[in-house]
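Source file: data.cif. Holds: mmCIF, C-alpha atoms.
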```cif
data_coords
loop_
_atom_site.label_atom_id
_atom_site.label_comp_id
_atom_site.auth_asym_id
_atom_site.auth_seq_id
_atom_site.Cartn_x
_atom_site.Cartn_y
_atom_site.Cartn_z
CA MET A 1 5.51 -19.65 18.80
CA ALA A 2 7.73 -18.67 21.73
CA ARG A 3 9.95 -15.67 22.30
CA GLN A 4 13.67 -16.23 22.88
CA LYS A 5 15.16 -14.73 26.03
CA GLY A 6 18.71 -14.39 27.19
CA ILE A 7 21.91 -12.88 25.82
CA ILE A 8 22.57 -15.45 23.08
CA LYS A 9 19.97 -15.52 20.29
CA LEU A 10 19.71 -18.64 18.15
CA LYS A 11 18.99 -18.98 14.44
CA GLY A 12 18.41 -22.29 12.72
CA THR A 13 16.99 -25.68 13.72
CA ILE A 14 17.87 -27.86 16.68
CA GLY A 15 15.93 -31.10 16.82
CA ASP A 16 12.29 -30.21 16.29
CA ILE A 17 12.69 -26.56 17.29
CA THR A 18 13.31 -23.80 14.72
CA PHE A 19 14.82 -20.52 15.90
CA TYR A 20 14.37 -17.41 13.76
CA LYS A 21 14.37 -13.61 13.79
CA THR A 22 11.40 -11.42 12.92
CA GLN A 23 10.43 -7.78 13.32
CA ASP A 24 8.93 -8.81 16.66
CA GLY A 25 12.22 -10.19 17.94
CA HIS A 26 13.88 -13.59 18.13
CA LEU A 27 11.28 -16.38 18.17
CA ALA A 28 11.15 -20.17 18.30
CA ARG A 29 8.60 -22.69 17.10
CA GLU A 30 8.21 -26.43 16.92
CA LYS A 31 8.62 -28.12 13.58
CA GLY A 32 5.56 -29.85 12.30
CA GLY A 33 2.75 -29.66 9.84
CA ILE A 34 1.15 -31.88 7.26
CA ASP A 35 2.93 -33.33 4.26
CA ALA A 36 2.56 -31.04 1.23
CA SER A 37 1.60 -33.90 -1.11
CA ARG A 38 -1.32 -34.78 1.14
CA ILE A 39 -2.56 -31.18 1.16
CA ALA A 40 -2.33 -31.15 -2.64
CA SER A 41 -4.42 -34.30 -3.17
CA ASP A 42 -6.41 -35.29 -0.09
CA PRO A 43 -10.14 -34.39 -0.46
CA ALA A 44 -10.12 -33.44 3.21
CA PHE A 45 -7.96 -30.45 2.33
CA GLN A 46 -10.13 -29.14 -0.50
CA ARG A 47 -10.93 -25.97 1.44
CA THR A 48 -7.26 -25.50 2.24
CA ARG A 49 -6.39 -25.69 -1.46
CA GLU A 50 -9.15 -23.24 -2.33
CA ASN A 51 -8.01 -20.78 0.32
CA GLY A 52 -4.42 -21.13 -0.80
CA SER A 53 -5.34 -20.46 -4.41
CA GLU A 54 -7.21 -17.29 -3.53
CA PHE A 55 -4.51 -16.11 -1.15
CA GLY A 56 -1.94 -16.52 -3.92
CA ARG A 57 -4.17 -14.55 -6.27
CA ALA A 58 -4.46 -11.80 -3.66
CA GLY A 59 -0.69 -11.68 -3.30
CA LYS A 60 -0.22 -11.25 -7.05
CA ALA A 61 -2.87 -8.53 -7.19
CA GLY A 62 -1.21 -6.66 -4.36
CA LYS A 63 2.14 -6.92 -6.11
CA VAL A 64 0.76 -5.45 -9.34
CA LEU A 65 -0.73 -2.52 -7.44
CA ARG A 66 2.50 -1.94 -5.50
CA THR A 67 4.58 -2.09 -8.65
CA ALA A 68 2.28 0.37 -10.43
CA LEU A 69 2.64 2.86 -7.57
CA ARG A 70 6.30 2.13 -6.91
CA PRO A 71 7.49 5.68 -7.78
CA LEU A 72 5.42 6.94 -4.85
CA LEU A 73 6.10 4.03 -2.50
CA LEU A 74 9.87 4.44 -2.52
CA ASN A 75 9.54 7.02 0.25
CA SER A 76 6.08 6.23 1.62
CA ALA A 77 5.68 2.66 2.84
CA ASP A 78 6.02 0.87 6.16
CA SER A 79 7.72 -2.49 6.66
CA ARG A 80 4.44 -4.42 6.86
CA MET A 81 2.69 -2.74 3.96
CA VAL A 82 2.98 -5.81 1.73
CA SER A 83 1.20 -8.11 4.16
CA ARG A 84 -1.45 -5.50 4.96
CA LEU A 85 -2.17 -4.95 1.27
CA THR A 86 -2.40 -8.70 0.67
CA GLN A 87 -4.97 -8.96 3.48
CA THR A 88 -6.98 -6.19 1.84
CA MET A 89 -6.82 -7.97 -1.51
CA VAL A 90 -8.08 -11.15 0.14
CA LYS A 91 -11.17 -9.19 1.21
CA VAL A 92 -11.52 -7.87 -2.35
CA ILE A 93 -11.47 -11.41 -3.72
CA GLN A 94 -13.82 -12.76 -1.07
CA ALA A 95 -16.36 -10.15 -2.18
CA ASP A 96 -16.65 -11.95 -5.54
CA THR A 97 -20.20 -13.34 -5.55
CA VAL A 98 -20.01 -14.75 -9.08
CA SER A 99 -17.13 -17.23 -9.12
CA GLU A 100 -16.89 -20.54 -7.29
CA ARG A 101 -14.89 -20.75 -4.10
CA GLY A 102 -11.23 -21.15 -4.98
CA LEU A 103 -11.77 -19.35 -8.29
CA ARG A 104 -12.82 -15.97 -6.88
CA ASN A 105 -10.76 -13.09 -8.23
CA VAL A 106 -10.13 -9.34 -8.08
CA ILE A 107 -11.98 -8.53 -11.30
CA ASP A 108 -15.25 -10.02 -10.06
CA GLY A 109 -14.59 -8.87 -6.52
CA GLU A 110 -14.80 -5.39 -5.01
CA ILE A 111 -11.59 -3.48 -5.75
CA GLU A 112 -13.31 -0.47 -4.16
CA LEU A 113 -12.44 -2.08 -0.81
CA THR A 114 -8.90 -0.74 -1.32
CA LEU A 115 -10.26 2.79 -0.92
CA GLY A 116 -8.61 4.45 2.05
CA PHE A 117 -5.72 1.97 2.20
CA GLU A 118 -2.75 3.56 3.96
CA PHE A 119 0.62 2.52 2.57
CA ASN A 120 2.45 3.93 5.59
CA ILE A 121 0.83 3.02 8.89
CA ARG A 122 3.33 5.26 10.72
CA GLY A 123 2.09 8.35 8.89
CA LYS A 124 -1.51 8.24 7.70
CA LEU A 125 -2.88 10.76 5.24
CA GLY A 126 -6.00 11.24 7.35
CA THR A 127 -3.94 12.34 10.35
CA SER A 128 -1.41 14.37 8.34
CA LEU A 129 -3.41 16.38 5.80
CA PHE A 130 -6.38 18.34 7.18
CA ALA A 131 -6.88 20.60 4.17
CA PRO A 132 -10.05 19.58 2.28
CA PHE A 133 -9.42 17.98 -1.09
CA THR A 134 -11.41 16.39 -3.87
CA SER A 135 -10.48 13.40 -5.99
CA THR A 136 -12.11 12.59 -9.31
CA ILE A 137 -11.74 9.85 -11.88
CA ASP A 138 -12.92 10.50 -15.45
CA ARG A 139 -12.85 7.10 -17.15
CA VAL A 140 -13.80 8.47 -20.56
CA ALA A 141 -10.99 11.04 -20.59
CA GLY A 142 -8.60 8.73 -18.73
CA THR A 143 -7.75 11.29 -16.03
CA LEU A 144 -7.36 10.85 -12.28
CA VAL A 145 -7.21 14.19 -10.50
CA ALA A 146 -6.63 15.44 -6.96
CA ASN A 147 -7.53 19.05 -6.18
CA ILE A 148 -6.64 20.93 -2.98
CA PRO A 149 -7.83 24.53 -2.48
CA SER A 150 -5.40 27.09 -1.09
CA PHE A 151 -4.48 26.37 2.55
CA ILE A 152 -1.99 27.39 5.25
CA PRO A 153 0.50 24.51 5.63
CA ALA A 154 1.36 25.06 9.30
CA ASN A 155 -2.34 24.91 10.16
CA MET A 156 -3.50 22.14 7.85
CA ILE A 157 -0.56 19.72 7.73
CA ALA A 158 0.53 17.83 10.85
CA ALA A 159 4.23 17.49 10.09
CA PRO A 160 6.80 15.50 12.06
CA THR A 161 9.39 17.32 14.16
CA GLY A 162 12.13 18.88 12.06
CA THR A 163 9.99 19.56 9.00
CA THR A 164 10.71 22.79 7.14
CA HIS A 165 9.24 21.92 3.73
CA PHE A 166 6.90 19.45 2.04
CA LYS A 167 5.46 18.48 -1.29
CA VAL A 168 2.20 16.83 -2.29
CA ILE A 169 2.41 13.77 -4.55
CA SER A 170 -0.16 11.77 -6.47
CA GLY A 171 -0.37 8.87 -8.86
CA GLY A 172 -3.08 7.48 -11.12
CA ALA A 173 -2.94 3.85 -12.19
CA GLU A 174 -4.90 1.75 -14.67
CA ILE A 175 -4.42 -1.87 -13.65
CA ASP A 176 -5.06 -5.05 -15.60
CA PHE A 177 -5.00 -7.57 -12.74
CA GLU A 178 -5.65 -10.53 -15.03
CA ASN A 179 -2.58 -9.93 -17.21
CA GLU A 180 -0.59 -8.27 -14.40
CA THR A 181 0.09 -5.10 -16.39
CA TYR A 182 -0.58 -1.43 -15.71
CA VAL A 183 -0.41 2.12 -16.99
CA VAL A 184 0.56 4.78 -14.46
CA GLU A 185 1.34 8.47 -14.30
CA THR A 186 2.50 10.44 -11.27
CA SER A 187 2.52 14.16 -10.52
CA GLU A 188 3.72 16.36 -7.68
CA THR A 189 4.00 19.93 -6.50
CA ALA A 190 7.24 21.78 -6.06
CA ILE A 191 8.84 21.55 -2.62
CA LEU A 192 6.87 24.09 -0.59
CA PRO A 193 7.65 25.78 2.74
CA TRP A 194 5.83 24.46 5.78
CA ASP A 195 4.86 27.83 7.23
CA THR A 196 1.94 30.23 7.60
CA THR A 197 1.94 31.40 3.97
CA ALA A 198 -1.07 30.17 2.02
CA THR A 199 -0.35 27.84 -0.88
CA ALA A 200 -1.68 28.27 -4.38
CA VAL A 201 -4.48 25.96 -5.47
CA ILE A 202 -3.01 22.49 -6.02
CA ASN A 203 -4.19 20.49 -9.03
CA LEU A 204 -2.50 17.15 -9.65
CA SER A 205 -3.72 15.40 -12.78
CA ASN A 206 -2.62 11.95 -13.96
CA ALA A 207 -3.47 10.51 -17.38
CA VAL A 208 -4.03 6.86 -18.28
CA THR A 209 -5.77 5.19 -21.23
CA PRO A 210 -9.04 6.91 -22.22
CA ASN A 211 -12.11 4.66 -22.07
CA SER A 212 -10.19 1.91 -20.28
CA THR A 213 -12.26 -0.98 -18.92
CA HIS A 214 -9.72 -1.82 -16.20
CA PRO A 215 -9.81 -0.71 -12.55
CA LEU A 216 -8.49 2.81 -11.94
CA VAL A 217 -6.81 3.83 -8.68
CA LEU A 218 -5.76 7.29 -7.48
CA ALA A 219 -3.26 7.74 -4.64
CA LEU A 220 -2.40 10.94 -2.78
CA GLY A 221 0.42 11.62 -0.33
CA ILE A 222 2.90 14.02 1.22
CA GLU A 223 6.69 13.97 1.45
CA PHE A 224 8.40 15.91 4.25
CA TYR A 225 11.77 17.67 3.99
CA GLN A 226 14.24 19.51 6.17
CA GLN A 227 16.30 22.35 4.77
CA ILE A 228 19.90 22.45 5.99
CA ASN A 229 22.37 25.00 4.62
CA GLY A 230 20.22 25.57 1.57
CA GLN A 231 19.88 21.86 0.75
CA MET A 232 16.67 19.81 0.98
CA TYR A 233 16.86 16.45 2.74
CA PRO A 234 14.02 13.90 3.01
CA LEU A 235 12.99 13.96 6.65
CA LYS A 236 14.01 10.79 8.53
CA ASN A 237 14.26 8.91 5.23
CA GLY A 238 10.55 9.30 4.64
CA ALA A 239 9.53 7.33 7.74
CA PHE A 240 6.43 9.48 8.27
CA ASN A 241 5.42 10.26 4.68
CA PRO A 242 1.73 9.43 4.20
CA LEU A 243 0.30 7.87 1.03
CA SER A 244 -3.29 6.70 0.69
CA ILE A 245 -5.69 5.46 -1.98
CA VAL A 246 -8.23 8.28 -2.23
CA SER A 247 -10.36 7.20 -5.20
CA VAL A 248 -11.14 3.92 -6.97
CA ASP A 249 -13.19 3.05 -10.05
CA GLY A 250 -13.61 -0.71 -10.46
CA GLY A 251 -14.08 -0.76 -14.22
CA VAL A 252 -16.77 -2.07 -16.51
#
```

Representation of the structure as structure tokens:
Amino acid sequence: MARQKGIIKLKGTIGDITFYKTQDGHLAREKGGIDASRIASDPAFQRTRENGSEFGRAGKAGKVLRTALRPLLLNSADSRMVSRLTQTMVKVIQADTVSERGLRNVIDGEIELTLGFEFNIRGKLGTSLFAPFTSTIDRVAGTLVANIPSFIPANMIAAPTGTTHFKVISGGAEIDFENETYVVETSETAILPWDTTATAVINLSNAVTPNSTHPLVLALGIEFYQQINGQMYPLKNGAFNPLSIVSVDGGV
């Protein structure tokens, strides 16, 4: 891979060189690689096929989780979140100590490895919210709850420049990775002033199926706003809104 320089940037293929644009700029690379039919059948590429199968499974698992939490992700995700989540799911699958290589999966892996995943690398929950909170999952009742005691926003929330208000958001998801289905509920506070007035106690409860055997995931985040002439506007299109997985129960 080489970086293109100069005024004129190329896109396309010239000879054996492919020119393309990425988030890192305009790049170029030499065409090449091994024929796909050989990779699919040659015993020498058995490990490659196994890795590819598990990587594809990780991608699907990440997509199901993203889709379940989509109502929260609309304003709280960075441009590389998809690839970062896929990498995390690969680690989840690789933690499967039961299945054969190439057949390892999320269900027999360690979905708890998604705990702490930040959906927006530009605004992490751990560096935005300093108020103590608790997160609990009650599988029998089917509830995923985030509780935050009363706190002073200006002291306990590191908000980006221009912030006048904020709200706390959460979502609880029950995910069937095998069938690629989910049950999700989201909850949020009202839009609150970012000032030195203490908040009320915040209790965000999300209900899924009671006694579910599927993995349960709880996400918590913040959305920042700026008030202009009495109207609330999402701050910088949500570029710095944090959202993180704060509790996970892998199922039974």

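Minimum distance to Gln231 of chain A across A:Ile191, A:Met156, A:Gly126, A:Thr97 (counting all atoms listed in the file) occurs at A:Ile191.
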
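The residue set within 9 Å of Thr136 of chain A, counting only C-alpha atoms and dropping same-chain residues fewer than 2 places from it, reads A:Thr134, A:Asp138, A:Thr143, A:Leu144, A:Val145, A:Ala146, A:Asn147, A:Leu218, A:Ser247.
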
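Residues in contact with Gly251 of chain A at 10 Å, where all atoms listed in the file are counted and same-chain residues fewer than 2 positions away are skipped, are listed as A:Ile107, A:Ile111, A:Arg139, A:Glu174, A:Ile175, A:Asn211, A:Ser212, A:Thr213, A:His214, A:Pro215, A:Leu216, A:Val248, A:Asp249.
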
Would you compute an axis-aligned box for segment 86-98 of chain A, covering every atom listed for it in the file with 8 Å of margin on each side, and report centre and edge lengths in Å to one decimal as AutoDock Vina command-line options?
```
--center_x -11.3 --center_y -10.5 --center_z -2.8 --size_x 33.8 --size_y 24.6 --size_z 28.6
```

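You will find atom CA of Asn75 of chain A at 24.8 Å from atom CA of Pro149 of chain A.
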
request  = Convert the output of the PyMOL selection byres ((chain A and resi 220-224) around 6) on the shown file into explicit residues, formatted as a PyMOL selection string.
outcome  = chain A and resi 166-170+219+225+235+241-244

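Residue nearest Ser76 of chain A within the list A:Asn120, A:Thr197, A:Thr189, A:Ser99: A:Asn120 [criterion: smallest interatomic distance, all atoms listed in the file].
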